[in-house]
file upload_12.pdb (PDB, C-alpha atoms)
ATOM      1  CA  MET Y   4      32.243  55.183 -58.407
ATOM      2  CA  THR Y   5      33.989  52.150 -59.855
ATOM      3  CA  THR Y   6      35.482  52.449 -63.301
ATOM      4  CA  PHE Y   7      35.327  49.516 -65.707
ATOM      5  CA  ASN Y   8      37.455  49.974 -68.777
ATOM      6  CA  ALA Y   9      37.969  47.328 -71.444
ATOM      7  CA  PHE Y  10      37.574  46.801 -75.137
ATOM      8  CA  TYR Y  11      35.214  43.904 -75.819
ATOM      9  CA  ARG Y  12      36.831  41.077 -77.684
ATOM     10  CA  ARG Y  13      35.409  37.597 -78.010
ATOM     11  CA  GLU Y  14      38.294  35.951 -76.161
ATOM     12  CA  GLN Y  15      37.555  38.161 -73.145
ATOM     13  CA  GLN Y  16      34.205  36.481 -72.571
ATOM     14  CA  ILE Y  17      34.112  33.693 -70.024
ATOM     15  CA  SER Y  18      31.396  31.039 -70.394
ATOM     16  CA  SER Y  19      28.098  32.251 -68.982
ATOM     17  CA  VAL Y  20      26.772  31.481 -65.523
ATOM     18  CA  ARG Y  21      23.200  30.594 -64.676
ATOM     19  CA  VAL Y  22      22.918  32.985 -61.696
ATOM     20  CA  VAL Y  23      24.787  35.508 -59.549
ATOM     21  CA  ARG Y  24      24.998  35.547 -55.759
ATOM     22  CA  ASN Y  25      25.571  39.137 -54.603
ATOM     23  CA  SER Y  26      25.659  38.517 -50.848
ATOM     24  CA  ASN Y  27      27.943  36.418 -48.666
ATOM     25  CA  LEU Y  28      27.263  32.682 -48.903
ATOM     26  CA  THR Y  29      27.864  30.984 -45.565
ATOM     27  CA  ALA Y  30      30.132  28.124 -46.570
ATOM     28  CA  THR Y  31      33.444  26.456 -45.770
ATOM     29  CA  TYR Y  32      36.144  27.340 -48.308
ATOM     30  CA  ASN Y  33      38.927  24.954 -49.360
ATOM     31  CA  ASN Y  34      41.546  26.256 -51.819
ATOM     32  CA  GLY Y  35      42.057  22.863 -53.491
ATOM     33  CA  ALA Y  36      44.371  19.915 -52.870
ATOM     34  CA  SER Y  37      47.497  21.886 -53.816
ATOM     35  CA  ASN Y  38      46.289  25.110 -52.135
ATOM     36  CA  ASN Y  39      46.464  26.958 -55.474
ATOM     37  CA  GLY Y  40      42.780  27.403 -56.402
ATOM     38  CA  VAL Y  41      42.586  24.371 -58.692
ATOM     39  CA  GLY Y  42      39.639  22.337 -57.407
ATOM     40  CA  ALA Y  43      38.732  24.937 -54.767
ATOM     41  CA  THR Y  44      35.373  24.327 -53.098
ATOM     42  CA  LEU Y  45      32.692  26.081 -51.092
ATOM     43  CA  THR Y  46      30.699  23.618 -48.954
ATOM     44  CA  VAL Y  47      27.276  24.790 -47.775
ATOM     45  CA  ALA Y  48      25.637  23.085 -44.778
ATOM     46  CA  ALA Y  49      22.286  22.626 -46.531
ATOM     47  CA  THR Y  50      20.469  20.066 -48.654
ATOM     48  CA  SER Y  51      19.489  22.599 -51.343
ATOM     49  CA  LEU Y  52      20.548  26.008 -52.601
ATOM     50  CA  THR Y  53      18.491  28.802 -54.143
ATOM     51  CA  VAL Y  54      20.325  31.738 -55.716
ATOM     52  CA  ASP Y  55      18.529  34.830 -57.062
ATOM     53  CA  GLY Y  56      15.206  32.975 -57.035
ATOM     54  CA  VAL Y  57      16.540  29.923 -58.916
ATOM     55  CA  VAL Y  58      16.838  26.469 -57.339
ATOM     56  CA  MET Y  59      20.295  25.133 -58.167
ATOM     57  CA  VAL Y  60      20.812  21.708 -59.718
ATOM     58  CA  ALA Y  61      23.968  19.716 -60.390
ATOM     59  CA  GLU Y  62      26.356  21.334 -62.905
ATOM     60  CA  ASP Y  63      24.786  24.813 -62.648
ATOM     61  CA  ARG Y  64      27.362  27.611 -62.861
ATOM     62  CA  ILE Y  65      27.173  30.381 -60.256
ATOM     63  CA  LEU Y  66      29.049  33.670 -60.020
ATOM     64  CA  ILE Y  67      29.817  34.263 -56.343
ATOM     65  CA  MET Y  68      30.803  37.937 -56.059
ATOM     66  CA  ALA Y  69      30.324  39.195 -52.493
ATOM     67  CA  GLN Y  70      32.080  36.841 -50.117
ATOM     68  CA  THR Y  71      33.364  38.332 -46.866
ATOM     69  CA  ASN Y  72      36.731  36.881 -47.882
ATOM     70  CA  GLY Y  73      37.083  38.307 -51.400
ATOM     71  CA  PHE Y  74      39.475  35.546 -52.471
ATOM     72  CA  GLU Y  75      36.522  33.136 -52.297
ATOM     73  CA  ASN Y  76      34.703  35.080 -55.056
ATOM     74  CA  GLY Y  77      34.574  33.455 -58.467
ATOM     75  CA  ILE Y  78      32.710  31.160 -60.782
ATOM     76  CA  TYR Y  79      31.654  27.835 -59.317
ATOM     77  CA  ARG Y  80      29.673  24.850 -60.542
ATOM     78  CA  VAL Y  81      27.335  22.827 -58.358
ATOM     79  CA  SER Y  82      29.274  19.579 -58.040
ATOM     80  CA  SER Y  83      26.972  17.831 -55.560
ATOM     81  CA  ILE Y  84      23.721  18.260 -53.679
ATOM     82  CA  ALA Y  85      23.190  15.805 -50.824
ATOM     83  CA  ALA Y  86      23.639  16.282 -47.051
ATOM     84  CA  THR Y  87      25.637  19.374 -48.086
ATOM     85  CA  VAL Y  88      25.857  21.444 -51.249
ATOM     86  CA  VAL Y  89      29.348  21.495 -52.738
ATOM     87  CA  LEU Y  90      30.375  24.188 -55.199
ATOM     88  CA  THR Y  91      33.647  23.615 -57.071
ATOM     89  CA  ARG Y  92      35.561  26.439 -58.731
ATOM     90  CA  ALA Y  93      34.874  26.196 -62.482
ATOM     91  CA  VAL Y  94      37.699  24.777 -64.618
ATOM     92  CA  ASP Y  95      37.769  27.987 -66.666
ATOM     93  CA  PHE Y  96      38.167  30.051 -63.469
ATOM     94  CA  GLN Y  97      40.797  28.323 -61.305
ATOM     95  CA  GLU Y  98      44.051  30.052 -62.157
ATOM     96  CA  PHE Y  99      45.078  33.702 -61.957
ATOM     97  CA  ASP Y 100      45.538  34.005 -65.729
ATOM     98  CA  GLN Y 101      41.839  33.093 -66.172
ATOM     99  CA  MET Y 102      40.825  36.025 -63.932
ATOM    100  CA  LYS Y 103      42.047  39.022 -65.902
ATOM    101  CA  PRO Y 104      40.518  42.478 -65.494
ATOM    102  CA  GLY Y 105      38.274  43.182 -68.475
ATOM    103  CA  TYR Y 106      36.958  39.622 -68.826
ATOM    104  CA  PHE Y 107      33.137  39.399 -69.067
ATOM    105  CA  ILE Y 108      30.650  36.895 -67.617
ATOM    106  CA  PRO Y 109      27.064  36.852 -69.004
ATOM    107  CA  VAL Y 110      24.203  35.767 -66.707
ATOM    108  CA  ALA Y 111      21.400  33.553 -68.052
ATOM    109  CA  ALA Y 112      18.776  33.457 -65.265
ATOM    110  CA  GLY Y 113      17.673  34.890 -61.950
ATOM    111  CA  THR Y 114      15.136  37.343 -60.630
ATOM    112  CA  GLU Y 115      17.509  40.306 -60.313
ATOM    113  CA  PHE Y 116      20.449  39.635 -62.630
ATOM    114  CA  HIS Y 117      19.090  37.680 -65.656
ATOM    115  CA  GLY Y 118      20.616  39.156 -68.787
ATOM    116  CA  ALA Y 119      23.285  41.094 -66.895
ATOM    117  CA  VAL Y 120      26.961  41.020 -67.798
ATOM    118  CA  PHE Y 121      29.569  41.180 -65.053
ATOM    119  CA  GLY Y 122      33.193  42.119 -65.537
ATOM    120  CA  ILE Y 123      36.353  41.440 -63.588
ATOM    121  CA  VAL Y 124      38.057  44.656 -62.491
ATOM    122  CA  GLU Y 125      41.530  45.538 -61.213
ATOM    123  CA  PRO Y 126      43.616  44.683 -59.387
ATOM    124  CA  GLN Y 127      44.775  41.565 -61.251
ATOM    125  CA  VAL Y 128      44.681  38.431 -59.110
ATOM    126  CA  GLY Y 129      48.229  37.266 -58.412
ATOM    127  CA  VAL Y 130      47.606  34.403 -55.985
ATOM    128  CA  VAL Y 131      44.345  32.432 -56.066
ATOM    129  CA  GLY Y 132      43.094  31.837 -52.535
ATOM    130  CA  THR Y 133      44.843  34.967 -51.239
ATOM    131  CA  ASP Y 134      43.946  37.886 -53.528
ATOM    132  CA  THR Y 135      40.447  39.357 -53.756
ATOM    133  CA  ILE Y 136      38.608  38.830 -57.046
ATOM    134  CA  THR Y 137      36.415  41.853 -57.821
ATOM    135  CA  PHE Y 138      33.406  41.941 -60.152
ATOM    136  CA  ILE Y 139      31.154  44.773 -61.319
ATOM    137  CA  ASN Y 140      27.827  44.724 -63.126
ATOM    138  CA  THR Y 141      28.825  46.371 -66.403
ATOM    139  CA  ALA Y 142      25.199  47.116 -67.285
ATOM    140  CA  ALA Y 143      24.529  49.073 -64.075
ATOM    141  CA  SER Y 144      24.060  52.792 -64.595
ATOM    142  CA  PRO Y 145      27.238  54.737 -63.872
ATOM    143  CA  ASP Y 146      27.152  57.882 -61.741
ATOM    144  CA  THR Y 147      28.959  59.835 -64.464
ATOM    145  CA  VAL Y 148      30.609  59.307 -67.811
ATOM    146  CA  THR Y 149      33.853  61.110 -68.526
ATOM    147  CA  LEU Y 150      35.060  61.537 -72.103
ATOM    148  CA  ILE Y 151      38.831  61.873 -72.330
ATOM    149  CA  ASN Y 152      39.297  61.447 -76.047
ATOM    150  CA  ALA Y 153      37.932  62.951 -79.250
ATOM    151  CA  GLY Y 154      34.374  62.083 -78.271
ATOM    152  CA  LEU Y 155      31.657  59.489 -78.399
ATOM    153  CA  ARG Y 156      30.088  58.728 -81.775
ATOM    154  CA  ILE Y 157      26.441  57.670 -81.649
ATOM    155  CA  TYR Y 158      24.875  55.356 -84.251
ATOM    156  CA  ASN Y 159      21.373  53.944 -84.571
ATOM    157  CA  PRO Y 160      20.800  50.155 -84.805
ATOM    158  CA  ALA Y 161      21.021  50.355 -88.620
ATOM    159  CA  GLY Y 162      24.562  51.709 -88.300
ATOM    160  CA  THR Y 163      23.721  55.212 -89.481
ATOM    161  CA  PHE Y 164      25.842  57.924 -87.824
ATOM    162  CA  LEU Y 165      23.680  60.256 -85.723
ATOM    163  CA  ASN Y 166      25.876  62.529 -83.614
ATOM    164  CA  THR Y 167      29.177  62.986 -81.787
ATOM    165  CA  ILE Y 168      29.421  64.026 -78.164
ATOM    166  CA  VAL Y 169      32.742  65.721 -77.449
ATOM    167  CA  PRO Y 170      34.322  66.377 -74.023
ATOM    168  CA  THR Y 171      33.533  70.102 -74.204
ATOM    169  CA  SER Y 172      29.803  69.652 -74.972
ATOM    170  CA  ALA Y 173      27.091  69.476 -72.322
TER     171      ALA Y 173
END

call {"tool": "encode", "arguments": {"input": "upload_12.pdb", "output": "structure tokens"}}
result
Amino acid sequence: MTTFNAFYRREQQISSVRVVRNSNLTATYNNGASNNGVGATLTVAATSLTVDGVVMVAEDRILIMAQTNGFENGIYRVSSIAATVVLTRAVDFQEFDQMKPGYFIPVAAGTEFHGAVFGIVEPQVGVVGTDTITFINTAASPDTVTLINAGLRIYNPAGTFLNTIVPTSA
């Protein structure tokens, strides 16, 4: 089981992506002109790209989360579609301080992941292009929930308090 632990704050949300790719994308990775992640690209030997049932167009944002080389994971935008498809690391996801555990990425479209929210989990990326970037679907059902504090307070949508579940209750 993977644990995702963060308090939601607005500044922790990264701009949404259109789709999520949750399997390895066969592509050539380049870590940018200065080899530091800025301007990093994935080049796909194809004239089109479909991700999660959606045909990609120029400027679409894609969360790539399951590359064989985990340092290639991240948010990319479709920068060109011609003899090859070139994905460029998004400007808000090029440097290690933009990849903090607890940051959230909402997903707008796709057959499987539309409406999902993914989160970055530990360990913190130290070197872009070397360190693995790990994401988890925060909406996926956990195996278990462990309460380690005074309990979980439950409210209805109107904000009326309903009940408290404490660590000692079933």

call {"tool": "residues_around", "arguments": {"input": "upload_12.pdb", "residues": "range 15-24 of chain Y", "least_positions_apart": "6", "cutoff": "8 Å", "atoms": "all atoms listed in the file", "output": "list in words"}}
result
Val54, Asp55, Val57, Asp63, Arg64, Ile65, Leu66, Ile67, Met68, Ala69, Ile78, Asp95, Gly105, Tyr106, Phe107, Ile108, Pro109, Val110, Ala111, Ala112, Gly113, Phe116 and His117 of chain Y

call {"tool": "residues_around", "arguments": {"input": "upload_12.pdb", "residues": "range 134-143 of chain Y", "least_positions_apart": "6", "cutoff": "7 Å", "atoms": "only C-alpha atoms", "output": "PyMOL selection string"}}
result
chain Y and resi 68+73-74+76-77+119-124+128

call {"tool": "axis_aligned_box", "arguments": {"input": "upload_12.pdb", "around": "range 51-55 of chain Y", "padding_each_side": "5 Å", "output": "JSON"}}
result
{"center_x": 19.5, "center_y": 28.7, "center_z": -54.2, "size_x": 12.1, "size_y": 22.2, "size_z": 15.7}

call {"tool": "closest_residue", "arguments": {"input": "upload_12.pdb", "among": "Y:Val81, Y:Ser37, Y:Gln70, Y:Val130", "to": "Val58 in chain Y", "atoms": "all atoms listed in the file"}}
result
Y:Val81

call {"tool": "closest_residue", "arguments": {"input": "upload_12.pdb", "among": "Y:Asn166, Y:Asn25, Y:Ala30, Y:Ala86", "to": "Glu115 in chain Y", "atoms": "all atoms listed in the file"}}
result
Y:Asn25

call {"tool": "resolve_selection", "arguments": {"input": "upload_12.pdb", "expression": "the PyMOL selection byres ((chain Y and resi 49) around 7)", "output": "PyMOL selection string"}}
result
chain Y and resi 47-48+50-51+86-88

call {"tool": "atom_distance", "arguments": {"input": "upload_12.pdb", "atom1": "CA of Thr44 in chain Y", "atom2": "CA of Gln101 in chain Y"}}
result
17.0 Å

call {"tool": "atom_distance", "arguments": {"input": "upload_12.pdb", "atom1": "CA of Ser26 in chain Y", "atom2": "CA of Asp100 in chain Y"}}
result
25.2 Å

call {"tool": "resolve_selection", "arguments": {"input": "upload_12.pdb", "expression": "the PyMOL selection byres ((chain Y and resi 61) around 9)", "output": "list in words"}}
result
Met59, Val60, Glu62, Asp63, Arg64, Arg80, Val81, Ser82, Ser83 and Ile84 of chain Y

call {"tool": "atom_distance", "arguments": {"input": "upload_12.pdb", "atom1": "CA of Thr71 in chain Y", "atom2": "CA of Glu125 in chain Y"}}
result
18.0 Å

call {"tool": "resolve_selection", "arguments": {"input": "upload_12.pdb", "expression": "the PyMOL selection byres ((chain Y and resi 32-34) around 7)", "output": "PyMOL selection string"}}
result
chain Y and resi 30-31+35+38-40+43-46+132

call {"tool": "closest_residue", "arguments": {"input": "upload_12.pdb", "among": "Y:Asn72, Y:Thr29, Y:Leu52, Y:Gln127", "to": "Ala85 in chain Y", "atoms": "all atoms listed in the file"}}
result
Y:Leu52

call {"tool": "build_atoms", "arguments": {"input": "upload_12.pdb", "residues": "range 82-96 of chain Y", "atoms": "N, CA, C and O atoms", "output": "PDB file, in the coordinates of the input"}}
result
ATOM      1  N   SER Y  82      28.725  20.920 -57.795  1.00  0.00           N
ATOM      2  CA  SER Y  82      29.274  19.579 -58.040  1.00  0.00           C
ATOM      3  C   SER Y  82      28.515  18.491 -57.305  1.00  0.00           C
ATOM      4  O   SER Y  82      28.550  17.334 -57.728  1.00  0.00           O
ATOM      5  N   SER Y  83      27.825  18.832 -56.206  1.00  0.00           N
ATOM      6  CA  SER Y  83      26.972  17.831 -55.560  1.00  0.00           C
ATOM      7  C   SER Y  83      25.945  18.504 -54.662  1.00  0.00           C
ATOM      8  O   SER Y  83      26.185  19.570 -54.103  1.00  0.00           O
ATOM      9  N   ILE Y  84      24.793  17.840 -54.576  1.00  0.00           N
ATOM     10  CA  ILE Y  84      23.721  18.260 -53.679  1.00  0.00           C
ATOM     11  C   ILE Y  84      23.276  16.997 -52.952  1.00  0.00           C
ATOM     12  O   ILE Y  84      22.743  16.077 -53.566  1.00  0.00           O
ATOM     13  N   ALA Y  85      23.563  16.964 -51.645  1.00  0.00           N
ATOM     14  CA  ALA Y  85      23.190  15.805 -50.824  1.00  0.00           C
ATOM     15  C   ALA Y  85      22.983  16.329 -49.398  1.00  0.00           C
ATOM     16  O   ALA Y  85      22.197  17.247 -49.210  1.00  0.00           O
ATOM     17  N   ALA Y  86      23.717  15.773 -48.419  1.00  0.00           N
ATOM     18  CA  ALA Y  86      23.639  16.282 -47.051  1.00  0.00           C
ATOM     19  C   ALA Y  86      24.211  17.686 -46.976  1.00  0.00           C
ATOM     20  O   ALA Y  86      23.861  18.475 -46.097  1.00  0.00           O
ATOM     21  N   THR Y  87      25.109  18.020 -47.924  1.00  0.00           N
ATOM     22  CA  THR Y  87      25.637  19.374 -48.086  1.00  0.00           C
ATOM     23  C   THR Y  87      25.594  19.719 -49.574  1.00  0.00           C
ATOM     24  O   THR Y  87      25.443  18.845 -50.417  1.00  0.00           O
ATOM     25  N   VAL Y  88      25.746  20.994 -49.860  1.00  0.00           N
ATOM     26  CA  VAL Y  88      25.857  21.444 -51.249  1.00  0.00           C
ATOM     27  C   VAL Y  88      27.310  21.819 -51.463  1.00  0.00           C
ATOM     28  O   VAL Y  88      27.861  22.636 -50.712  1.00  0.00           O
ATOM     29  N   VAL Y  89      27.940  21.210 -52.460  1.00  0.00           N
ATOM     30  CA  VAL Y  89      29.348  21.495 -52.738  1.00  0.00           C
ATOM     31  C   VAL Y  89      29.453  22.230 -54.069  1.00  0.00           C
ATOM     32  O   VAL Y  89      28.951  21.759 -55.097  1.00  0.00           O
ATOM     33  N   LEU Y  90      30.090  23.393 -54.013  1.00  0.00           N
ATOM     34  CA  LEU Y  90      30.375  24.188 -55.199  1.00  0.00           C
ATOM     35  C   LEU Y  90      31.866  24.077 -55.467  1.00  0.00           C
ATOM     36  O   LEU Y  90      32.677  24.291 -54.566  1.00  0.00           O
ATOM     37  N   THR Y  91      32.236  23.755 -56.695  1.00  0.00           N
ATOM     38  CA  THR Y  91      33.647  23.615 -57.071  1.00  0.00           C
ATOM     39  C   THR Y  91      33.987  24.717 -58.061  1.00  0.00           C
ATOM     40  O   THR Y  91      33.235  24.965 -59.005  1.00  0.00           O
ATOM     41  N   ARG Y  92      35.139  25.361 -57.825  1.00  0.00           N
ATOM     42  CA  ARG Y  92      35.561  26.439 -58.731  1.00  0.00           C
ATOM     43  C   ARG Y  92      35.592  25.898 -60.159  1.00  0.00           C
ATOM     44  O   ARG Y  92      36.119  24.827 -60.418  1.00  0.00           O
ATOM     45  N   ALA Y  93      34.980  26.623 -61.085  1.00  0.00           N
ATOM     46  CA  ALA Y  93      34.874  26.196 -62.482  1.00  0.00           C
ATOM     47  C   ALA Y  93      36.260  26.024 -63.103  1.00  0.00           C
ATOM     48  O   ALA Y  93      37.185  26.776 -62.790  1.00  0.00           O
ATOM     49  N   VAL Y  94      36.398  25.057 -64.003  1.00  0.00           N
ATOM     50  CA  VAL Y  94      37.699  24.777 -64.618  1.00  0.00           C
ATOM     51  C   VAL Y  94      38.217  25.950 -65.438  1.00  0.00           C
ATOM     52  O   VAL Y  94      39.422  26.092 -65.614  1.00  0.00           O
ATOM     53  N   ASP Y  95      37.315  26.813 -65.916  1.00  0.00           N
ATOM     54  CA  ASP Y  95      37.769  27.987 -66.666  1.00  0.00           C
ATOM     55  C   ASP Y  95      37.949  29.204 -65.759  1.00  0.00           C
ATOM     56  O   ASP Y  95      38.071  30.328 -66.224  1.00  0.00           O
ATOM     57  N   PHE Y  96      37.995  28.954 -64.425  1.00  0.00           N
ATOM     58  CA  PHE Y  96      38.167  30.051 -63.469  1.00  0.00           C
ATOM     59  C   PHE Y  96      38.895  29.551 -62.221  1.00  0.00           C
ATOM     60  O   PHE Y  96      38.454  29.758 -61.101  1.00  0.00           O
TER      61      PHE Y  96
END
